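Engineer: Got structure.cif for you, mmCIF, C-alpha atoms:
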data_entry
loop_
_atom_site.label_atom_id
_atom_site.label_comp_id
_atom_site.auth_asym_id
_atom_site.auth_seq_id
_atom_site.Cartn_x
_atom_site.Cartn_y
_atom_site.Cartn_z
CA MET N 1 -215.19 -35.06 -104.51
CA ASP N 2 -214.81 -32.53 -101.73
CA GLU N 3 -217.37 -31.57 -99.11
CA GLY N 4 -219.02 -29.05 -101.43
CA GLY N 5 -219.60 -31.45 -104.33
CA HIS N 6 -216.58 -30.28 -106.33
CA GLY N 7 -214.05 -32.57 -107.95
CA VAL N 8 -211.85 -33.17 -110.98
CA GLY N 9 -211.19 -36.04 -113.34
CA SER N 10 -208.08 -36.43 -115.47
CA PHE N 11 -208.10 -38.20 -118.85
CA THR N 12 -205.15 -38.81 -121.18
CA ILE N 13 -205.99 -39.03 -124.88
CA ALA N 14 -203.53 -40.47 -127.41
CA ASN N 15 -203.68 -39.99 -131.18
CA GLN N 16 -203.30 -43.44 -132.75
CA THR N 17 -204.69 -42.59 -136.18
CA GLY N 18 -201.29 -42.12 -137.81
CA ARG N 19 -202.15 -38.59 -138.95
CA SER N 20 -202.71 -35.17 -137.46
CA VAL N 21 -206.20 -34.90 -136.01
CA ARG N 22 -208.26 -32.11 -134.51
CA ALA N 23 -209.97 -33.88 -131.65
CA ARG N 24 -213.04 -32.71 -129.75
CA ALA N 25 -213.75 -33.83 -126.19
CA SER N 26 -217.20 -33.93 -124.64
CA VAL N 27 -218.61 -35.15 -121.34
CA SER N 28 -221.36 -37.78 -121.34
CA PRO N 29 -223.12 -37.90 -117.96
CA PHE N 30 -225.19 -40.93 -117.03
CA PRO N 31 -228.73 -39.96 -115.89
CA PRO N 32 -229.78 -38.60 -113.53
CA ALA N 33 -226.49 -36.69 -113.55
CA SER N 34 -226.82 -33.39 -115.42
CA SER N 35 -224.50 -32.10 -118.14
CA GLU N 36 -224.52 -28.75 -116.32
CA TRP N 37 -222.39 -30.29 -113.57
CA PHE N 38 -219.41 -30.90 -115.86
CA GLU N 39 -216.95 -28.65 -117.64
CA VAL N 40 -213.81 -29.47 -119.63
CA ASP N 41 -210.94 -27.33 -118.42
CA GLY N 42 -209.39 -25.44 -121.33
CA ALA N 43 -210.10 -25.97 -125.01
CA THR N 44 -212.40 -28.84 -125.91
CA GLU N 45 -210.90 -29.00 -129.44
CA ARG N 46 -207.17 -29.62 -129.78
CA LEU N 47 -204.88 -30.34 -132.73
CA MET N 48 -202.96 -33.55 -132.08
CA SER N 49 -200.02 -34.71 -134.17
CA PRO N 50 -199.51 -38.44 -134.86
CA GLY N 51 -198.67 -40.34 -131.66
CA ALA N 52 -199.18 -37.26 -129.49
CA SER N 53 -201.05 -37.29 -126.15
CA GLU N 54 -203.19 -34.65 -124.51
CA GLU N 55 -204.53 -34.44 -120.97
CA PHE N 56 -208.12 -33.33 -120.56
CA ILE N 57 -209.32 -32.19 -117.14
CA VAL N 58 -213.03 -32.42 -116.33
CA ARG N 59 -214.24 -30.27 -113.45
CA VAL N 60 -217.33 -31.39 -111.56
CA SER N 61 -219.60 -29.08 -109.58
CA ALA N 62 -222.65 -31.00 -108.38
CA PRO N 63 -225.34 -30.20 -105.81
CA VAL N 64 -225.08 -32.00 -102.47
CA GLY N 65 -227.45 -32.65 -99.61
CA GLY N 66 -229.99 -35.28 -98.70
CA GLU N 67 -229.49 -39.01 -99.21
CA THR N 68 -226.10 -40.26 -100.36
CA VAL N 69 -226.29 -41.39 -103.98
CA SER N 70 -223.90 -42.52 -106.72
CA ARG N 71 -223.47 -40.62 -109.99
CA SER N 72 -221.19 -41.26 -112.98
CA PHE N 73 -219.94 -39.87 -116.28
CA ARG N 74 -217.38 -40.52 -119.00
CA LEU N 75 -215.31 -38.44 -121.43
CA ASP N 76 -215.84 -39.04 -125.14
CA ILE N 77 -213.40 -38.03 -127.87
CA ALA N 78 -213.89 -37.78 -131.64
CA SER N 79 -212.08 -36.24 -134.58
CA VAL N 80 -213.73 -33.10 -135.90
CA ASP N 81 -213.57 -34.11 -139.56
CA ARG N 82 -214.43 -37.83 -139.16
CA PRO N 83 -216.57 -38.09 -136.01
CA ASP N 84 -218.32 -41.29 -137.19
CA ASP N 85 -215.09 -43.13 -137.96
CA GLU N 86 -212.58 -41.86 -135.42
CA TRP N 87 -213.91 -41.76 -131.88
CA ALA N 88 -213.50 -43.36 -128.47
CA HIS N 89 -215.31 -43.60 -125.15
CA GLY N 90 -213.39 -43.05 -121.95
CA PRO N 91 -213.83 -45.13 -118.78
CA THR N 92 -216.88 -44.60 -116.60
CA ILE N 93 -216.05 -42.44 -113.56
CA GLY N 94 -218.28 -42.74 -110.50
CA PHE N 95 -218.58 -40.47 -107.49
CA MET N 96 -220.77 -40.09 -104.41
CA LEU N 97 -223.12 -37.22 -103.64
CA GLY N 98 -225.27 -36.41 -100.64
CA ASN N 99 -224.50 -34.98 -97.19
CA GLY N 100 -221.39 -33.43 -98.69
CA GLY N 101 -220.39 -36.98 -99.67
CA SER N 102 -219.84 -37.62 -95.97
CA GLN N 103 -220.35 -40.81 -94.01
CA PRO N 104 -221.80 -40.78 -90.48
CA ALA N 105 -218.72 -42.55 -89.02
CA TYR N 106 -219.85 -41.97 -85.43
CA PHE N 107 -218.47 -45.33 -84.28
CA GLU N 108 -215.05 -44.70 -85.83
CA THR N 109 -214.96 -41.21 -84.32
CA ALA N 110 -215.86 -42.39 -80.82
CA ALA N 111 -213.46 -45.34 -80.97
CA GLY N 112 -210.61 -43.12 -82.13
CA ALA N 113 -211.37 -40.58 -79.42
CA LEU N 114 -211.42 -43.18 -76.63
CA ALA N 115 -208.18 -44.83 -77.77
CA GLY N 116 -206.48 -41.47 -78.18
CA ALA N 117 -207.80 -40.17 -74.84
CA VAL N 118 -206.44 -43.17 -72.95
CA ALA N 119 -203.09 -42.81 -74.72
CA GLY N 120 -202.99 -39.08 -74.00
CA ILE N 121 -203.74 -39.64 -70.32
CA VAL N 122 -201.02 -42.28 -70.02
CA VAL N 123 -198.51 -40.00 -71.74
CA ALA N 124 -199.42 -37.16 -69.37
CA VAL N 125 -198.87 -39.41 -66.35
CA ILE N 126 -195.55 -40.67 -67.66
CA ALA N 127 -194.49 -37.07 -68.24
CA GLY N 128 -195.37 -36.33 -64.60
CA LEU N 129 -193.30 -39.17 -63.13
CA PRO N 130 -189.98 -37.23 -63.04
CA ALA N 131 -191.63 -34.64 -60.80
CA TRP N 132 -192.57 -37.49 -58.45
CA PHE N 133 -188.94 -38.23 -57.70
CA VAL N 134 -187.90 -34.56 -57.73
CA ASP N 135 -190.40 -33.97 -54.93
CA GLY N 136 -188.40 -36.35 -52.73
CA ARG N 137 -190.39 -39.56 -53.22
CA PRO N 138 -187.71 -42.18 -53.93
CA GLU N 139 -190.11 -45.15 -53.83
CA LEU N 140 -192.69 -45.77 -56.49
CA ASP N 141 -196.01 -46.47 -54.75
CA THR N 142 -198.36 -47.51 -57.56
CA ALA N 143 -201.55 -46.74 -55.67
CA LEU N 144 -200.30 -43.35 -54.57
CA VAL N 145 -199.10 -42.55 -58.09
CA LEU N 146 -202.57 -43.30 -59.43
CA ARG N 147 -204.09 -41.11 -56.76
CA SER N 148 -201.58 -38.26 -57.05
CA LEU N 149 -201.13 -38.14 -60.82
CA PHE N 150 -204.01 -39.79 -62.66
CA VAL N 151 -207.05 -38.60 -60.74
CA PRO N 152 -206.43 -34.96 -59.73
CA MET N 153 -204.97 -34.18 -63.13
CA PHE N 154 -208.26 -35.09 -64.79
CA ALA N 155 -209.43 -31.64 -63.73
CA GLY N 156 -206.28 -30.05 -65.14
CA ASP N 157 -203.43 -31.47 -67.19
CA LEU N 158 -205.14 -34.77 -67.96
CA VAL N 159 -208.13 -32.96 -69.41
CA ILE N 160 -205.59 -31.64 -71.89
CA GLY N 161 -204.26 -35.16 -72.39
CA ALA N 162 -207.74 -36.53 -73.06
CA ALA N 163 -208.64 -33.67 -75.39
CA LEU N 164 -205.44 -33.62 -77.44
CA GLY N 165 -204.94 -37.39 -77.40
CA GLY N 166 -208.55 -37.95 -78.42
CA ALA N 167 -208.23 -35.44 -81.26
CA ILE N 168 -205.19 -37.26 -82.60
CA GLY N 169 -207.03 -40.57 -82.27
CA ILE N 170 -210.00 -39.24 -84.24
CA PHE N 171 -207.79 -37.88 -87.01
CA VAL N 172 -205.89 -41.16 -87.31
CA ALA N 173 -209.03 -43.32 -87.20
CA LEU N 174 -210.91 -41.35 -89.85
CA THR N 175 -207.86 -41.06 -92.09
CA MET N 176 -207.03 -44.78 -91.87
CA ARG N 177 -210.64 -45.69 -92.74
CA ALA N 178 -210.51 -43.20 -95.67
CA ILE N 179 -213.45 -41.26 -94.23
CA LEU N 180 -212.37 -37.93 -95.63
CA SER N 181 -215.59 -35.92 -95.69
CA PRO N 182 -215.96 -33.89 -93.62
CA ALA N 183 -212.19 -33.57 -93.46
CA PRO N 184 -210.81 -35.48 -90.41
CA TRP N 185 -209.14 -32.34 -89.07
CA ARG N 186 -212.53 -30.62 -88.84
CA THR N 187 -213.95 -33.33 -86.60
CA ALA N 188 -210.74 -33.42 -84.54
CA ALA N 189 -210.77 -29.65 -84.04
CA ALA N 190 -214.40 -29.66 -82.94
CA TYR N 191 -213.62 -32.52 -80.56
CA VAL N 192 -210.85 -30.61 -78.80
CA VAL N 193 -213.25 -27.84 -77.79
CA ALA N 194 -216.07 -30.22 -76.85
CA ALA N 195 -213.75 -32.50 -74.86
CA PHE N 196 -212.27 -29.65 -72.83
CA VAL N 197 -215.77 -28.55 -71.83
CA LEU N 198 -217.48 -31.92 -71.28
CA VAL N 199 -214.64 -33.74 -69.51
CA ALA N 200 -213.99 -30.79 -67.20
CA ILE N 201 -217.70 -30.46 -66.36
CA LEU N 202 -218.09 -34.19 -65.62
CA GLU N 203 -215.00 -34.20 -63.42
CA LEU N 204 -216.21 -31.14 -61.51
CA ILE N 205 -219.60 -32.79 -61.00
CA LEU N 206 -217.84 -35.87 -59.65
CA GLN N 207 -215.75 -33.79 -57.27
CA PHE N 208 -218.82 -32.01 -55.90
CA ALA N 209 -220.86 -35.22 -55.65
CA MET N 210 -218.07 -37.31 -54.13
CA PRO N 211 -215.41 -35.01 -52.63
CA ALA N 212 -212.15 -36.75 -51.74
CA ARG N 213 -212.05 -37.10 -47.96
CA SER N 214 -208.33 -37.84 -47.68
CA GLN N 215 -205.16 -38.26 -49.65
CA LYS N 216 -205.44 -42.05 -49.40
CA PRO N 217 -206.42 -43.92 -52.55
CA ASP N 218 -210.18 -44.36 -52.97
CA PHE N 219 -210.81 -47.06 -55.55
CA VAL N 220 -214.46 -46.17 -56.21
CA HIS N 221 -213.78 -42.45 -56.53
CA ASP N 222 -210.78 -43.03 -58.76
CA LEU N 223 -212.65 -45.50 -60.98
CA LEU N 224 -215.53 -43.05 -61.38
CA GLY N 225 -212.99 -40.40 -62.37
CA TRP N 226 -211.77 -42.60 -65.20
CA VAL N 227 -215.30 -43.48 -66.27
CA ALA N 228 -216.37 -39.82 -66.25
CA ALA N 229 -213.39 -38.82 -68.37
CA LEU N 230 -214.01 -41.56 -70.95
CA ILE N 231 -217.74 -40.82 -71.08
CA GLY N 232 -216.90 -37.16 -71.66
CA ALA N 233 -214.50 -38.11 -74.46
CA ALA N 234 -217.10 -40.34 -76.15
CA LEU N 235 -219.85 -37.70 -75.91
CA ALA N 236 -217.48 -35.03 -77.19
CA ALA N 237 -216.56 -37.25 -80.15
CA LEU N 238 -220.19 -37.82 -81.12
CA ALA N 239 -220.99 -34.13 -80.76
CA ALA N 240 -217.93 -33.13 -82.80
CA ARG N 241 -218.79 -35.51 -85.64
CA GLY N 242 -222.38 -34.32 -85.73
CA LEU N 243 -221.33 -30.68 -85.71
CA SER N 244 -218.75 -31.08 -88.47
CA ARG N 245 -221.28 -32.85 -90.71
CA TRP N 246 -223.94 -30.22 -90.01
CA LEU N 247 -221.55 -27.42 -90.91
CA VAL N 248 -220.81 -29.08 -94.25
CA LEU N 249 -224.52 -29.37 -95.07
CA ARG N 250 -225.13 -25.78 -93.99
CA SER N 251 -222.38 -24.46 -96.26
CA VAL N 252 -223.75 -25.97 -99.47
#
Would you write the structure of this file as structure tokens?

Structural biologist:
Amino acid sequence: MDEGGHGVGSFTIANQTGRSVRARASVSPFPPASSEWFEVDGATERLMSPGASEEFIVRVSAPVGGETVSRSFRLDIASVDRPDDEWAHGPTIGFMLGNGGSQPAYFETAAGALAGAVAGIVVAVIAGLPAWFVDGRPELDTALVLRSLFVPMFAGDLVIGAALGGAIGIFVALTMRAILSPAPWRTAAAYVVAAFVLVAILELILQFAMPARSQKPDFVHDLLGWVAALIGAALAALAARGLSRWLVLRSV
């Protein structure tokens, strides 16, 4: 089922009667599912030669919204001329409805964003290391690297690292957990925008509240810079997940 309550089911029917049969397919929904939600794609009656197989596609269009619930149906088949003697019930097919079939998944979204943001920041710093040596700094001073690359770039390039890395983390986390509604890319896209705004704002607030007084490393200031960036990433992830779910509900 997609976010709008639409889905398809595929059934393969084989003629094992030993003679040519005109078979009729019909959908049997299990209450409270309604028969109006289901439609067989193509002809419901088909002439089948002995041993032949036919694929029947059932399209589902069900209302969504409210509490998540489970619904089910099956496909029944019977010969037109001997419906009481030649018939079969297909397997029961279940599906979820409610909130676009979506799960809250706020924890997974936030966890993916934080892991991706940290990875994105580290990648951005590693990418900046060549410039360190090009600028005539032959020795690698760890404290100065942290001060010169990690912290100031939070207000610039590392905001990009946190936003893009977090978006990738969200997409991977939701996909791996099979949380596919709303689509993972929707939540990731909303996160990119929210992360750019929130992380940048938090870092600017930190700079105004605790302006760096020198180029020397300041452990407290630097630590707060990390904390602010990760808080911004987590808040952006929660906001993005909430927004993507709200948009799905609004569209149905």

Engineer: In Å, rounded to a single decimal, give me how far CA of Arg186 in chain N is from CA of Leu238 in chain N.

Structural biologist: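 One can read the CA of Leu238 in chain N to CA of Arg186 in chain N distance as 13.0 Å.
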
Engineer: What separation in Å, quoted to one decimal, exists between CA of Leu224 in chain N and CA of Val159 in chain N?

Structural biologist: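 Between these atoms lies a distance of 14.9 Å.
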
Engineer: Hey, what's within 7 Å of Ala162 in chain N if we count all atoms listed in the file and toss same-chain stuff fewer than 2 positions away? As a list of chain:residue names, please?

Structural biologist: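 So the residues in contact are N:Ala117, N:Val118, N:Gly120, N:Ile121, N:Leu158, N:Val159, N:Ile160, N:Leu164, N:Gly165, N:Gly166.
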
Engineer: Which protein, DNA or RNA residues are at most 7 Å from (-214.7, -38.2, -81.8) in the file's coordinates when you count only C-alpha atoms, listed as number ranges by chain?

Structural biologist: N: 109-110, 112-113, 170, 187-188, 191, 234, 236-238, 240-241

Engineer: Evaluated on this file, the PyMOL selection byres ((chain N and resi 72) around 7) picks out some residues - which ones are they, written as a list in words?

Structural biologist: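 Selected by the PyMOL selection byres ((chain N and resi 72) around 7) in this file: Pro29, Phe30, Ser70, Arg71, Phe73, Thr92, Ile93, Gly94 and Phe95 of chain N.
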
Engineer: Would you please work out which residue, of N:Val122, N:Ile201, N:Ala233, N:Ala111, is nearest to Val172 in chain N when using all atoms listed in the file?

Structural biologist: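 Checking each candidate against Val172 in chain N, we get N:Ala111 as the closest.
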
Engineer: For the provided coordinates, the residues matched by the PyMOL selection byres ((chain N and resi 197) around 12) should be stated as a PDB file with C-alpha atoms, keeping the file's coordinate frame.

Structural biologist:
ATOM      1  CA  ALA N 155    -209.430 -31.640 -63.730  1.00  0.00           C
ATOM      2  CA  GLY N 156    -206.280 -30.050 -65.140  1.00  0.00           C
ATOM      3  CA  VAL N 159    -208.130 -32.960 -69.410  1.00  0.00           C
ATOM      4  CA  ILE N 160    -205.590 -31.640 -71.890  1.00  0.00           C
ATOM      5  CA  ALA N 162    -207.740 -36.530 -73.060  1.00  0.00           C
ATOM      6  CA  ALA N 163    -208.640 -33.670 -75.390  1.00  0.00           C
ATOM      7  CA  ALA N 190    -214.400 -29.660 -82.940  1.00  0.00           C
ATOM      8  CA  TYR N 191    -213.620 -32.520 -80.560  1.00  0.00           C
ATOM      9  CA  VAL N 192    -210.850 -30.610 -78.800  1.00  0.00           C
ATOM     10  CA  VAL N 193    -213.250 -27.840 -77.790  1.00  0.00           C
ATOM     11  CA  ALA N 194    -216.070 -30.220 -76.850  1.00  0.00           C
ATOM     12  CA  ALA N 195    -213.750 -32.500 -74.860  1.00  0.00           C
ATOM     13  CA  PHE N 196    -212.270 -29.650 -72.830  1.00  0.00           C
ATOM     14  CA  LEU N 198    -217.480 -31.920 -71.280  1.00  0.00           C
ATOM     15  CA  VAL N 199    -214.640 -33.740 -69.510  1.00  0.00           C
ATOM     16  CA  ALA N 200    -213.990 -30.790 -67.200  1.00  0.00           C
ATOM     17  CA  ILE N 201    -217.700 -30.460 -66.360  1.00  0.00           C
ATOM     18  CA  LEU N 202    -218.090 -34.190 -65.620  1.00  0.00           C
ATOM     19  CA  GLU N 203    -215.000 -34.200 -63.420  1.00  0.00           C
ATOM     20  CA  LEU N 204    -216.210 -31.140 -61.510  1.00  0.00           C
ATOM     21  CA  ALA N 229    -213.390 -38.820 -68.370  1.00  0.00           C
ATOM     22  CA  GLY N 232    -216.900 -37.160 -71.660  1.00  0.00           C
ATOM     23  CA  ALA N 233    -214.500 -38.110 -74.460  1.00  0.00           C
ATOM     24  CA  LEU N 235    -219.850 -37.700 -75.910  1.00  0.00           C
ATOM     25  CA  ALA N 236    -217.480 -35.030 -77.190  1.00  0.00           C
ATOM     26  CA  ALA N 239    -220.990 -34.130 -80.760  1.00  0.00           C
TER      27      ALA N 239
END

Engineer: Restricting the calculation to all atoms listed in the file, which member of N:Leu47, N:Val80, N:Ala52, N:Leu114 is positioned closest to Gln16 in chain N?

Structural biologist: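 Of N:Leu47, N:Val80, N:Ala52, N:Leu114, the one nearest Gln16 in chain N is N:Ala52, counting all atoms listed in the file.
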
Engineer: Kindly resolve the PyMOL selection byres ((chain N and resi 62) around 6) on the present coordinates and return the residues as a list in words.

Structural biologist: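 Output of the PyMOL selection byres ((chain N and resi 62) around 6): Gly5, Trp37, Ser61 and Pro63 of chain N.
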
Engineer: So, with only C-alpha atoms as the atoms that count, which of N:Ile57, N:Ile126, N:Ala78, N:Met96 lies closest to Thr17 in chain N?

Structural biologist: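 Looking only at the distances to Thr17 in chain N, the closest residue turns out to be N:Ala78.
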
Engineer: Of the candidates N:Ala43, N:Ile77, N:Ala183, N:Val8, which shows the shortest atom-to-atom distance to Ala23 in chain N, using all atoms listed in the file?

Structural biologist: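 Looking at the shortest contact to Ala23 in chain N, the residue is N:Ile77.
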
Engineer: For a quick check of understanding, using only C-alpha atoms, which of N:Ser34, N:Thr12, N:Ser20, N:Thr68 has the smallest distance to Ser53 in chain N?

Structural biologist: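 Smallest separation from Ser53 in chain N among the options: N:Thr12.
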
Engineer: Might you pull out every residue within 10 Å of Thr44 in chain N, with only C-alpha atoms counted and same-chain residues fewer than 2 positions away left off, and present them as a list in words?

Structural biologist: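 The neighbour list is Ala23, Arg24, Ala25, Ser26, Val27, Glu39, Val40, Asp41, Gly42, Arg46, Phe56, Ile57 and Ile77 of chain N.
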
Engineer: Include C-alpha atoms and write out the residues we just selected as a PDB file, keeping the file's coordinate frame.

Structural biologist:
ATOM      1  CA  ALA N  23    -209.970 -33.880-131.650  1.00  0.00           C
ATOM      2  CA  ARG N  24    -213.040 -32.710-129.750  1.00  0.00           C
ATOM      3  CA  ALA N  25    -213.750 -33.830-126.190  1.00  0.00           C
ATOM      4  CA  SER N  26    -217.200 -33.930-124.640  1.00  0.00           C
ATOM      5  CA  VAL N  27    -218.610 -35.150-121.340  1.00  0.00           C
ATOM      6  CA  GLU N  39    -216.950 -28.650-117.640  1.00  0.00           C
ATOM      7  CA  VAL N  40    -213.810 -29.470-119.630  1.00  0.00           C
ATOM      8  CA  ASP N  41    -210.940 -27.330-118.420  1.00  0.00           C
ATOM      9  CA  GLY N  42    -209.390 -25.440-121.330  1.00  0.00           C
ATOM     10  CA  ARG N  46    -207.170 -29.620-129.780  1.00  0.00           C
ATOM     11  CA  PHE N  56    -208.120 -33.330-120.560  1.00  0.00           C
ATOM     12  CA  ILE N  57    -209.320 -32.190-117.140  1.00  0.00           C
ATOM     13  CA  ILE N  77    -213.400 -38.030-127.870  1.00  0.00           C
TER      14      ILE N  77
END

Engineer: Distance CA of Glu55 in chain N-CA of Arg82 in chain N, one decimal place?

Structural biologist: 21.0 Å

Engineer: Return as JSON the box centre and box size in Å, one decimal, for an axis-aligned box around all listed atoms of range 41-50 of chain N padded by 3 Å per side.

Structural biologist:
{"center_x": -206.0, "center_y": -31.9, "center_z": -126.6, "size_x": 18.9, "size_y": 19.0, "size_z": 22.4}

Engineer: Between N:Pro104, N:Pro50, N:Pro83, N:Gly161, which residue has the minimum interatomic distance to Ala119 in chain N, considering only C-alpha atoms?

Structural biologist: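 Nearest candidate to Ala119 in chain N out of N:Pro104, N:Pro50, N:Pro83, N:Gly161: N:Gly161.
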
Engineer: Export range 177-196 of chain N from the structure block above, keeping N, CA, C and O atoms, as a PDB file, in the first residue's frame.

Structural biologist:
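That gives us decode-v5.pdb:
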ATOM      1  N   ARG N 177      14.879  -0.207   8.106  1.00  0.00           N
ATOM      2  CA  ARG N 177      13.816  -0.665   9.001  1.00  0.00           C
ATOM      3  C   ARG N 177      12.512  -0.901   8.261  1.00  0.00           C
ATOM      4  O   ARG N 177      11.498  -1.207   8.889  1.00  0.00           O
ATOM      5  N   ALA N 178      12.535  -0.768   6.918  1.00  0.00           N
ATOM      6  CA  ALA N 178      11.339  -0.977   6.078  1.00  0.00           C
ATOM      7  C   ALA N 178      10.200  -0.056   6.488  1.00  0.00           C
ATOM      8  O   ALA N 178       9.028  -0.435   6.413  1.00  0.00           O
ATOM      9  N   ILE N 179      10.532   1.159   6.895  1.00  0.00           N
ATOM     10  CA  ILE N 179       9.521   2.174   7.203  1.00  0.00           C
ATOM     11  C   ILE N 179       9.375   3.024   5.953  1.00  0.00           C
ATOM     12  O   ILE N 179      10.110   3.998   5.742  1.00  0.00           O
ATOM     13  N   LEU N 180       8.474   2.637   5.093  1.00  0.00           N
ATOM     14  CA  LEU N 180       8.424   3.186   3.743  1.00  0.00           C
ATOM     15  C   LEU N 180       7.270   4.155   3.516  1.00  0.00           C
ATOM     16  O   LEU N 180       7.038   4.576   2.381  1.00  0.00           O
ATOM     17  N   SER N 181       6.540   4.497   4.547  1.00  0.00           N
ATOM     18  CA  SER N 181       5.453   5.455   4.391  1.00  0.00           C
ATOM     19  C   SER N 181       5.409   6.363   5.614  1.00  0.00           C
ATOM     20  O   SER N 181       5.286   5.873   6.739  1.00  0.00           O
ATOM     21  N   PRO N 182       5.563   7.683   5.375  1.00  0.00           N
ATOM     22  CA  PRO N 182       5.859   8.328   4.104  1.00  0.00           C
ATOM     23  C   PRO N 182       7.206   7.848   3.545  1.00  0.00           C
ATOM     24  O   PRO N 182       8.031   7.371   4.303  1.00  0.00           O
ATOM     25  N   ALA N 183       7.369   8.015   2.258  1.00  0.00           N
ATOM     26  CA  ALA N 183       8.589   7.557   1.597  1.00  0.00           C
ATOM     27  C   ALA N 183       9.812   8.166   2.287  1.00  0.00           C
ATOM     28  O   ALA N 183       9.805   9.351   2.635  1.00  0.00           O
ATOM     29  N   PRO N 184      10.869   7.368   2.552  1.00  0.00           N
ATOM     30  CA  PRO N 184      12.054   7.900   3.242  1.00  0.00           C
ATOM     31  C   PRO N 184      12.628   9.156   2.611  1.00  0.00           C
ATOM     32  O   PRO N 184      13.118  10.041   3.317  1.00  0.00           O
ATOM     33  N   TRP N 185      12.561   9.274   1.283  1.00  0.00           N
ATOM     34  CA  TRP N 185      13.150  10.452   0.645  1.00  0.00           C
ATOM     35  C   TRP N 185      12.379  11.719   1.006  1.00  0.00           C
ATOM     36  O   TRP N 185      12.965  12.818   1.041  1.00  0.00           O
ATOM     37  N   ARG N 186      11.089  11.588   1.309  1.00  0.00           N
ATOM     38  CA  ARG N 186      10.317  12.765   1.709  1.00  0.00           C
ATOM     39  C   ARG N 186      10.815  13.308   3.050  1.00  0.00           C
ATOM     40  O   ARG N 186      11.012  14.515   3.226  1.00  0.00           O
ATOM     41  N   THR N 187      10.992  12.413   4.010  1.00  0.00           N
ATOM     42  CA  THR N 187      11.502  12.840   5.312  1.00  0.00           C
ATOM     43  C   THR N 187      12.909  13.396   5.185  1.00  0.00           C
ATOM     44  O   THR N 187      13.244  14.411   5.807  1.00  0.00           O
ATOM     45  N   ALA N 188      13.758  12.754   4.370  1.00  0.00           N
ATOM     46  CA  ALA N 188      15.127  13.225   4.195  1.00  0.00           C
ATOM     47  C   ALA N 188      15.168  14.605   3.549  1.00  0.00           C
ATOM     48  O   ALA N 188      15.960  15.467   3.949  1.00  0.00           O
ATOM     49  N   ALA N 189      14.313  14.831   2.569  1.00  0.00           N
ATOM     50  CA  ALA N 189      14.284  16.134   1.898  1.00  0.00           C
ATOM     51  C   ALA N 189      13.832  17.237   2.847  1.00  0.00           C
ATOM     52  O   ALA N 189      14.405  18.344   2.869  1.00  0.00           O
ATOM     53  N   ALA N 190      12.802  16.939   3.654  1.00  0.00           N
ATOM     54  CA  ALA N 190      12.341  17.930   4.623  1.00  0.00           C
ATOM     55  C   ALA N 190      13.413  18.214   5.664  1.00  0.00           C
ATOM     56  O   ALA N 190      13.583  19.350   6.119  1.00  0.00           O
ATOM     57  N   TYR N 191      14.179  17.184   6.028  1.00  0.00           N
ATOM     58  CA  TYR N 191      15.248  17.352   7.014  1.00  0.00           C
ATOM     59  C   TYR N 191      16.335  18.292   6.509  1.00  0.00           C
ATOM     60  O   TYR N 191      16.857  19.106   7.278  1.00  0.00           O
ATOM     61  N   VAL N 192      16.703  18.172   5.240  1.00  0.00           N
ATOM     62  CA  VAL N 192      17.768  19.022   4.704  1.00  0.00           C
ATOM     63  C   VAL N 192      17.443  20.494   4.936  1.00  0.00           C
ATOM     64  O   VAL N 192      18.280  21.267   5.424  1.00  0.00           O
ATOM     65  N   VAL N 193      16.228  20.891   4.609  1.00  0.00           N
ATOM     66  CA  VAL N 193      15.822  22.290   4.772  1.00  0.00           C
ATOM     67  C   VAL N 193      15.810  22.677   6.248  1.00  0.00           C
ATOM     68  O   VAL N 193      16.363  23.712   6.647  1.00  0.00           O
ATOM     69  N   ALA N 194      15.187  21.814   7.080  1.00  0.00           N
ATOM     70  CA  ALA N 194      15.088  22.125   8.503  1.00  0.00           C
ATOM     71  C   ALA N 194      16.465  22.180   9.161  1.00  0.00           C
ATOM     72  O   ALA N 194      16.722  23.038  10.017  1.00  0.00           O
ATOM     73  N   ALA N 195      17.360  21.267   8.773  1.00  0.00           N
ATOM     74  CA  ALA N 195      18.690  21.230   9.382  1.00  0.00           C
ATOM     75  C   ALA N 195      19.503  22.470   9.015  1.00  0.00           C
ATOM     76  O   ALA N 195      20.197  23.037   9.866  1.00  0.00           O
ATOM     77  N   PHE N 196      19.450  22.890   7.763  1.00  0.00           N
ATOM     78  CA  PHE N 196      20.155  24.102   7.370  1.00  0.00           C
ATOM     79  C   PHE N 196      19.734  25.277   8.256  1.00  0.00           C
ATOM     80  O   PHE N 196      20.563  26.039   8.746  1.00  0.00           O
TER      81      PHE N 196
END
